[in-house]
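Dumped run.pdb below, it's PDB, C-alpha atoms:
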ATOM      1  CA  MET A  26      71.886  44.902  23.717
ATOM      2  CA  PHE A  27      69.010  45.941  21.456
ATOM      3  CA  SER A  28      66.016  43.636  20.902
ATOM      4  CA  HIS A  29      63.836  43.649  17.807
ATOM      5  CA  VAL A  30      60.685  41.547  18.191
ATOM      6  CA  VAL A  31      58.315  41.152  15.253
ATOM      7  CA  ILE A  32      54.919  39.466  15.478
ATOM      8  CA  PHE A  33      53.207  38.271  12.273
ATOM      9  CA  TRP A  34      49.572  37.456  11.648
ATOM     10  CA  THR A  35      49.720  35.412   8.471
ATOM     11  CA  ASP A  36      47.143  35.446   5.688
ATOM     12  CA  PRO A  37      44.442  32.965   6.749
ATOM     13  CA  SER A  38      43.574  32.234   3.105
ATOM     14  CA  ASN A  39      47.098  30.848   2.524
ATOM     15  CA  PRO A  40      47.692  27.630   4.500
ATOM     16  CA  GLU A  41      51.413  27.744   3.595
ATOM     17  CA  ALA A  42      51.944  31.337   4.785
ATOM     18  CA  THR A  43      53.216  30.519   8.287
ATOM     19  CA  ASP A  44      55.819  28.061   7.023
ATOM     20  CA  GLN A  45      56.850  30.465   4.256
ATOM     21  CA  VAL A  46      57.387  33.375   6.653
ATOM     22  CA  ILE A  47      59.540  31.185   8.902
ATOM     23  CA  ALA A  48      61.543  29.794   5.972
ATOM     24  CA  ASN A  49      62.054  33.252   4.474
ATOM     25  CA  ALA A  50      63.187  34.681   7.814
ATOM     26  CA  LYS A  51      65.794  31.936   8.151
ATOM     27  CA  LYS A  52      66.886  32.358   4.520
ATOM     28  CA  TYR A  53      67.132  36.141   4.422
ATOM     29  CA  LEU A  54      67.532  37.440   7.963
ATOM     30  CA  SER A  55      69.612  35.041  10.034
ATOM     31  CA  SER A  56      72.909  35.970   8.350
ATOM     32  CA  VAL A  57      72.547  39.765   8.283
ATOM     33  CA  PRO A  58      75.658  41.347   9.862
ATOM     34  CA  GLY A  59      75.253  42.738  13.358
ATOM     35  CA  ILE A  60      72.874  40.057  14.654
ATOM     36  CA  VAL A  61      73.887  38.600  18.020
ATOM     37  CA  SER A  62      70.913  36.264  18.435
ATOM     38  CA  PHE A  63      68.228  35.112  15.969
ATOM     39  CA  HIS A  64      65.085  33.103  16.687
ATOM     40  CA  VAL A  65      61.944  32.638  14.602
ATOM     41  CA  GLY A  66      59.080  30.230  15.196
ATOM     42  CA  ARG A  67      55.395  29.476  15.455
ATOM     43  CA  MET A  68      53.207  30.874  18.214
ATOM     44  CA  SER A  69      53.318  28.556  21.203
ATOM     45  CA  ARG A  70      50.019  27.580  22.837
ATOM     46  CA  SER A  71      49.627  28.440  26.505
ATOM     47  CA  HIS A  72      47.065  27.855  29.230
ATOM     48  CA  ARG A  73      47.830  31.333  30.635
ATOM     49  CA  SER A  74      45.283  33.996  29.669
ATOM     50  CA  VAL A  75      47.944  36.728  29.615
ATOM     51  CA  VAL A  76      49.662  35.095  26.607
ATOM     52  CA  ASP A  77      48.558  36.454  23.217
ATOM     53  CA  GLN A  78      47.664  33.497  21.023
ATOM     54  CA  THR A  79      46.193  35.347  18.053
ATOM     55  CA  TYR A  80      49.350  35.524  15.904
ATOM     56  CA  GLN A  81      51.140  32.809  13.918
ATOM     57  CA  VAL A  82      54.868  33.716  13.781
ATOM     58  CA  GLY A  83      57.236  35.418  16.205
ATOM     59  CA  LEU A  84      60.668  36.746  15.289
ATOM     60  CA  ASN A  85      63.198  37.773  17.947
ATOM     61  CA  ILE A  86      66.484  39.322  16.866
ATOM     62  CA  GLN A  87      69.047  40.807  19.223
ATOM     63  CA  PHE A  88      71.683  43.273  18.115
ATOM     64  CA  GLU A  89      74.668  44.568  20.002
ATOM     65  CA  THR A  90      73.547  48.167  19.436
ATOM     66  CA  GLU A  91      70.595  50.164  18.170
ATOM     67  CA  GLN A  92      72.824  51.342  15.319
ATOM     68  CA  ALA A  93      73.298  47.727  14.195
ATOM     69  CA  GLN A  94      69.515  47.342  14.105
ATOM     70  CA  ASP A  95      69.233  50.568  12.108
ATOM     71  CA  ALA A  96      71.695  49.190   9.537
ATOM     72  CA  TYR A  97      69.741  45.917   9.401
ATOM     73  CA  GLN A  98      66.571  47.795   8.424
ATOM     74  CA  ASN A  99      68.186  48.920   5.146
ATOM     75  CA  HIS A 100      70.220  45.782   4.490
ATOM     76  CA  PRO A 101      69.380  44.175   1.093
ATOM     77  CA  GLN A 102      68.543  40.817   2.729
ATOM     78  CA  HIS A 103      66.014  42.481   5.048
ATOM     79  CA  LEU A 104      64.500  44.338   2.112
ATOM     80  CA  ASP A 105      64.269  41.037   0.172
ATOM     81  CA  PHE A 106      62.527  39.414   3.151
ATOM     82  CA  VAL A 107      59.924  42.189   3.224
ATOM     83  CA  LYS A 108      59.439  42.013  -0.552
ATOM     84  CA  GLU A 109      59.043  38.214  -0.513
ATOM     85  CA  GLY A 110      56.644  38.452   2.429
ATOM     86  CA  THR A 111      54.213  40.857   0.824
ATOM     87  CA  GLY A 112      50.930  38.961   0.764
ATOM     88  CA  LEU A 113      52.015  36.355   3.336
ATOM     89  CA  TRP A 114      50.957  38.403   6.334
ATOM     90  CA  SER A 115      47.897  40.503   7.086
ATOM     91  CA  LYS A 116      49.323  42.302  10.124
ATOM     92  CA  VAL A 117      52.761  42.941  11.631
ATOM     93  CA  VAL A 118      53.591  44.484  15.003
ATOM     94  CA  VAL A 119      57.149  45.395  16.030
ATOM     95  CA  TYR A 120      58.521  45.818  19.549
ATOM     96  CA  ASP A 121      61.992  47.362  19.857
ATOM     97  CA  PHE A 122      63.697  47.822  23.215
ATOM     98  CA  GLU A 123      67.134  48.152  24.742
TER      99      GLU A 123
END
Hey, can you dump this file as structure tokens for me?
Amino acid sequence: MFSHVVIFWTDPSNPEATDQVIANAKKYLSSVPGIVSFHVGRMSRSHRSVVDQTYQVGLNIQFETEQAQDAYQNHPQHLDFVKEGTGLWSKVVVYDFE
């Protein structure tokens, strides 16, 4: 299993940005071949100080292999997602692990 976690800080000047990132992820990314599990959503509030609550959207995609994730990176739907998202986020951090 290979996990690809992406954290988005959306543009604070665009009140629709969070919803747009989530909608675009569902539209473009959820059906890319090689995905075993797909989940995207808003940051969840927590009373625990260890939980980062500075971002707006989290994306968690699991692939069967690292090679499947590599193919996803160049898939046209992923490239469309990135193109459509330009301007919706101010910062993105990616965590990949197996």
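Residue nearest Gln87 of chain A, chosen from A:Val117, A:Ala50, A:Met26, A:Val57 and counting all atoms listed in the file: A:Met26.
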Listed atoms of segment 81-89 of chain A boxed axis-aligned with 3 Å per side, centre + edges as lines of an AutoDock Vina configuration file:
center_x = 62.9
center_y = 38.7
center_z = 16.9
size_x = 29.5
size_y = 17.8
size_z = 12.2
Expand the PyMOL selection byres ((chain A and resi 103) around 12) into the individual residues it matches in the shown file, reporting them as a PDB file with C-alpha atoms, keeping the file's coordinate frame.
ATOM      1  CA  ASN A  49      62.054  33.252   4.474  1.00  0.00           C
ATOM      2  CA  ALA A  50      63.187  34.681   7.814  1.00  0.00           C
ATOM      3  CA  LYS A  51      65.794  31.936   8.151  1.00  0.00           C
ATOM      4  CA  LYS A  52      66.886  32.358   4.520  1.00  0.00           C
ATOM      5  CA  TYR A  53      67.132  36.141   4.422  1.00  0.00           C
ATOM      6  CA  LEU A  54      67.532  37.440   7.963  1.00  0.00           C
ATOM      7  CA  SER A  55      69.612  35.041  10.034  1.00  0.00           C
ATOM      8  CA  SER A  56      72.909  35.970   8.350  1.00  0.00           C
ATOM      9  CA  VAL A  57      72.547  39.765   8.283  1.00  0.00           C
ATOM     10  CA  PRO A  58      75.658  41.347   9.862  1.00  0.00           C
ATOM     11  CA  GLN A  94      69.515  47.342  14.105  1.00  0.00           C
ATOM     12  CA  ASP A  95      69.233  50.568  12.108  1.00  0.00           C
ATOM     13  CA  ALA A  96      71.695  49.190   9.537  1.00  0.00           C
ATOM     14  CA  TYR A  97      69.741  45.917   9.401  1.00  0.00           C
ATOM     15  CA  GLN A  98      66.571  47.795   8.424  1.00  0.00           C
ATOM     16  CA  ASN A  99      68.186  48.920   5.146  1.00  0.00           C
ATOM     17  CA  HIS A 100      70.220  45.782   4.490  1.00  0.00           C
ATOM     18  CA  PRO A 101      69.380  44.175   1.093  1.00  0.00           C
ATOM     19  CA  GLN A 102      68.543  40.817   2.729  1.00  0.00           C
ATOM     20  CA  LEU A 104      64.500  44.338   2.112  1.00  0.00           C
ATOM     21  CA  ASP A 105      64.269  41.037   0.172  1.00  0.00           C
ATOM     22  CA  PHE A 106      62.527  39.414   3.151  1.00  0.00           C
ATOM     23  CA  VAL A 107      59.924  42.189   3.224  1.00  0.00           C
ATOM     24  CA  LYS A 108      59.439  42.013  -0.552  1.00  0.00           C
ATOM     25  CA  GLU A 109      59.043  38.214  -0.513  1.00  0.00           C
ATOM     26  CA  GLY A 110      56.644  38.452   2.429  1.00  0.00           C
TER      27      GLY A 110
END
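Closest approach to Val30 of chain A among A:Ser115, A:Thr43, A:Ser62, A:Ser69 is made by A:Ser62 (distances from all atoms listed in the file).
When all atoms listed in the file are used to measure the gap to Asp44 of chain A, the shortest distance among A:Ser71, A:Thr90, A:Gln81, A:Thr111 belongs to A:Gln81.
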Residues in the PyMOL selection byres ((chain A and resi 121) around 10), expressed as a PyMOL selection string: chain A and resi 27-31+85-87+91+94+119-120+122-123
The PyMOL selection byres ((chain A and resi 65) around 6) on the file shown: which residues, as an MDAnalysis selection string? chainID A and resid 64 66 83:84
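Closest approach to Arg67 of chain A from the set A:Trp34, A:Glu89, A:Asn39, A:Val82 is made by A:Val82, with distances taken over all atoms listed in the file.
Interatomic distance, atom CA of Ala93 of chain A against atom CA of Gly112 of chain A: 27.5 Å.
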To one decimal place, how far is atom CA of Val76 of chain A from atom CA of Ala42 of chain A in Å? 22.3 Å
Counting all atoms listed in the file, the residue of A:Val75, A:Ile32, A:Met68, A:Val61 that sits nearest Val118 of chain A: A:Ile32
What separation in Å, quoted to one decimal, exists between atom CA of Pro37 of chain A and atom CA of Gln78 of chain A? 14.6 Å
